[in-house]
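Asker: Can you read through this structure? Questions will come right after.
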Amino acid sequence: MQLTIYLKPMNLFFIFKNFNVTLLLLTFLTSFGQSNVQKEILYLSGTDVMHTKSWDFYCTGGRNSEKWTTIQVPSNWEQQGFGNYNFGRDNVNYGKNFQFADEKGLYKLKFEVPANWNQKEVYIVFEGSMTDSDVKINGKSAGAVHQGAFYRFKYNISDKIQYGSANLLEVTVSKMSADNSVNGAERLADYWIFGGIYRPVYLEAVPKEHISWTAVDAKADGNFNMNVHLNKAVSDAEIVTEIIDAKGKTVETTVTKTGNDSVVAVKTRVQKPLLWNAETPNLYQLRVHLKKEMKRFILPMINLVLEQLK
């Protein structure tokens with residue numbers, strides 16, 4: 001099977017084209033410097049529903065509304081005693097004049113950014129929020145309102161934060177989207193409708209020049225193609241690609257020069273690749289570096305497990 005992988009940190013998309021799999025265990029570290037400095041993450045929320053943090057919160061309608069209080073993040077506010085419950089088929093059950101609850105949740109959080117991040121690109125990352133999310137940093141818009149509850153979004157806030165001192169995050173979350181197509185796809189179905197920042201929120205610090213994401217096409221015959229997407233065009237640098245087998249042996253290394261484009265195409269080939277299936281689960285590891293003047297940026301680790309289709 002030919003496997004095409006479109007890879008962003010924490011998001012994977014696969015396209016299957018035939019029926020022999022070369023499985024790669026993709027490893028991405030994040031660093032840039034003569035001594036590899038890992039990409040830095042600072043959680044503003046908890047890491048999951050069992051490990052949350054308290055934020056200031058105001059709900060505009062329903063239970064416990066129209067007053068400032070606190071809420072645990074990540075969570076859905078209905079499960080925390082706020083707002084209204086609706087079922088996605090209520091408009092069918094109660095007729096065309098039925099109106100869904102459309103309360104908003106207003107979130108506030110004061111946070112500090114490490115002083116030594118002032119030479120990095122700093123992003124605020126939301127793993128998921130239901131549904132439209134309007135983000136402000138220190139009173140300034142972080143970017144366009146994000147619409148859609150089920151995928152990650154982020155903003156570059158490097159020019160909006162104060163390093164080494166207090167900052168204010170404000171997020172307005174609308175339970176129902178202003179885009180009817182989003183509501184039709186995500187809200188109006190056979191499940192409960194929830195609102196809120198229900199997945200983690202964190203800051204991500206990376207070098208000024210870095211790898212944003214990659215698209216990998218690893219074929220069963222050993223041919224390997226990858227598009228490396230840089231955050232901007234980086235001249236006079238190299239993309240170093242290493243493919244490592246399960247025993248830790250580097251079976252292929254290739255160096256590709258960067259140019260005037262932010263996308264760098266990498267091509268190489270693994271001789272006699274060991275394919276993955278349920279009986280012989282052969283794994284490979286992929287390591288990608290952006291190297292410039294003895295400095296490196298390496299993507300963070302992601303594990304992939306696929307089984308051969310029959």
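Each chain in the structure tokens gets a letter, A, B and so on, in the order shown; residues start at 1 in every chain, and ligands are counted from 1 in the order they appear.
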Could you go through stretch 156-207 of chain A and tell me which residues DSSP, when run on the backbone, assigns to strand (DSSP E or B), listing them as a list in words?

Answerer: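 Going through stretch 156-207 of chain A, the strand (DSSP E or B) residues come out as Asn156, Tyr163, Ala166, Asn167, Leu168, Leu169, Glu170, Val171, Thr172, Val173, Ser174, Trp192, Ile193, Gly196, Val201, Tyr202, Leu203, Glu204, Ala205 and Val206 of chain A.
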
Asker: Leaving out A:Tyr85 and any residue of its chain fewer than 5 positions from it, which residues lie within 9 Å of it when counting only C-alpha atoms, given as a list in words?

Answerer: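 Within the cut-off, the hits are Gly62, Glu78, Ala101, Trp192, Ile193 and Phe194 of chain A.
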
Asker: Find the residues around A:Ser262 up to 9 Å (only C-alpha atoms counted), leave out those fewer than 5 positions away in its own chain, and share them as an MDAnalysis selection string.

Answerer: chainID A and resid 228:234

Asker: Using only C-alpha atoms, which residues of stretch 191-231 of chain A come within 8 Å of stretch 170-186 of chain A, and what is the closest atom pair for each, with the distance in Å to one decimal? Give it as a Markdown table, sorted by chain and residue number.

Answerer:
| residue | atom | partner | partner_atom | distance |
| --- | --- | --- | --- | --- |
| A:Phe194 | CA | A:Lys175 | CA | 6.9 |
| A:Gly195 | CA | A:Lys175 | CA | 4.7 |
| A:Gly196 | CA | A:Val173 | CA | 6.4 |
| A:Ile197 | CA | A:Val173 | CA | 7.7 |

Asker: Using Å and a single decimal, report how far atom CA of A:Val266 sits from atom CA of A:His289.

Answerer: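 Distance between the two atoms: 11.9 Å.
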
Asker: List as a PyMOL selection string the protein and nucleic acid residues near A:Asn225, meaning an atom at most 8 Å away when only C-alpha atoms are counted, but skip any in the same chain fewer than 4 places from it.

Answerer: chain A and resi 216-218+265-268

Asker: Please produce a file of those selected residues containing C-alpha atoms, as a PDB file, in the first residue's frame.

Answerer:
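The resulting file, result-v1.pdb, is shown below:
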ATOM      1  CA  VAL A 216       5.474  12.247   3.739  1.00  0.00           C
ATOM      2  CA  ASP A 217       4.903   9.701   0.954  1.00  0.00           C
ATOM      3  CA  ALA A 218       6.652   6.417   1.857  1.00  0.00           C
ATOM      4  CA  ALA A 265      11.085  18.656  -1.673  1.00  0.00           C
ATOM      5  CA  VAL A 266      13.094  15.705  -0.356  1.00  0.00           C
ATOM      6  CA  LYS A 267      13.577  12.505  -2.355  1.00  0.00           C
ATOM      7  CA  THR A 268      15.457   9.374  -1.368  1.00  0.00           C
TER       8      THR A 268
END

Asker: Leaving out A:Phe82 and any residue of its chain fewer than 3 positions from it, which residues lie within 8 Å of it when counting only C-alpha atoms, given as a ChimeraX atom specification?

Answerer: /A:59,62-65,77-79

Asker: Using only C-alpha atoms, I'd like a table of the residues in stretch 154-202 of chain A that come within 6 Å of stretch 107-115 of chain A; for each, show the closest atom pair and its distance in Å rounded to one decimal, ordered by chain and ascending number, as a Markdown table.

Answerer:
| residue | atom | partner | partner_atom | distance |
| --- | --- | --- | --- | --- |
| A:Tyr163 | CA | A:Ala115 | CA | 4.7 |
| A:Gly164 | CA | A:Ala115 | CA | 4.0 |
| A:Ser165 | CA | A:Glu112 | CA | 5.4 |
| A:Ala166 | CA | A:Glu112 | CA | 4.8 |
| A:Asn167 | CA | A:Phe111 | CA | 5.3 |
| A:Leu168 | CA | A:Lys110 | CA | 4.6 |
| A:Leu169 | CA | A:Leu109 | CA | 5.1 |
| A:Glu170 | CA | A:Lys108 | CA | 4.7 |
| A:Val171 | CA | A:Tyr107 | CA | 5.0 |

Asker: Near stretch 155-161 of chain A, within 12 Å and counting only C-alpha atoms, which residues show up once chain neighbours fewer than 6 positions away are dropped, as a PyMOL selection string?

Answerer: chain A and resi 110-115+117-127+133-146+167-169+201-208+231

Asker: Have a look at atom CA of A:Arg269 and atom CA of A:Lys219 and let me know their distance in Å, one decimal.

Answerer: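 Distance between the two atoms: 9.3 Å.
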
Asker: Could you give me the residues within stretch 135-236 of chain A that DSSP places in helix (DSSP H, G or I), as an mmCIF file with C-alpha atoms, in the first residue's frame?

Answerer:
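Full text of out_29.cif as output:
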data_model
loop_
_atom_site.group_PDB
_atom_site.id
_atom_site.type_symbol
_atom_site.label_atom_id
_atom_site.label_comp_id
_atom_site.auth_asym_id
_atom_site.auth_seq_id
_atom_site.Cartn_x
_atom_site.Cartn_y
_atom_site.Cartn_z
ATOM 1 C CA ASN A 180 -24.648 27.684 9.280
ATOM 2 C CA SER A 181 -22.571 25.124 7.398
ATOM 3 C CA VAL A 182 -20.512 24.518 10.548
ATOM 4 C CA ASN A 183 -23.681 24.039 12.578
ATOM 5 C CA GLY A 184 -25.038 21.651 9.987
ATOM 6 C CA ALA A 185 -21.844 19.609 10.000
ATOM 7 C CA GLU A 186 -21.033 19.648 13.716
ATOM 8 C CA ARG A 187 -24.039 20.659 15.789
#

Asker: For a test of reading the model, state the distance in Å between atom CA of A:Arg152 and atom CA of A:Thr47, rounded to one decimal.

Answerer: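 Atom-to-atom, atom CA of A:Arg152 and atom CA of A:Thr47 are spaced 14.5 Å apart.
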
Asker: Which is closest to A:Ala189 among A:Ser75, A:Thr69, A:Asn93, A:Thr60, if we use only C-alpha atoms?

Answerer: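 Closest candidate: A:Asn93.
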
Asker: Measuring between only C-alpha atoms, which one of A:Tyr58, A:Val263, A:Pro200, A:Asp102 shows the shortest distance to A:Ile41?

Answerer: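 Going through A:Tyr58, A:Val263, A:Pro200, A:Asp102 one by one, the smallest distance to A:Ile41 is for A:Pro200.
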
Asker: Of the candidates A:Arg287, A:His210, A:Lys292, A:Lys272, which shows the shortest atom-to-atom distance to A:Gly248, using only C-alpha atoms?

Answerer: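 Ranking A:Arg287, A:His210, A:Lys292, A:Lys272 by distance to A:Gly248, first place goes to A:Arg287.
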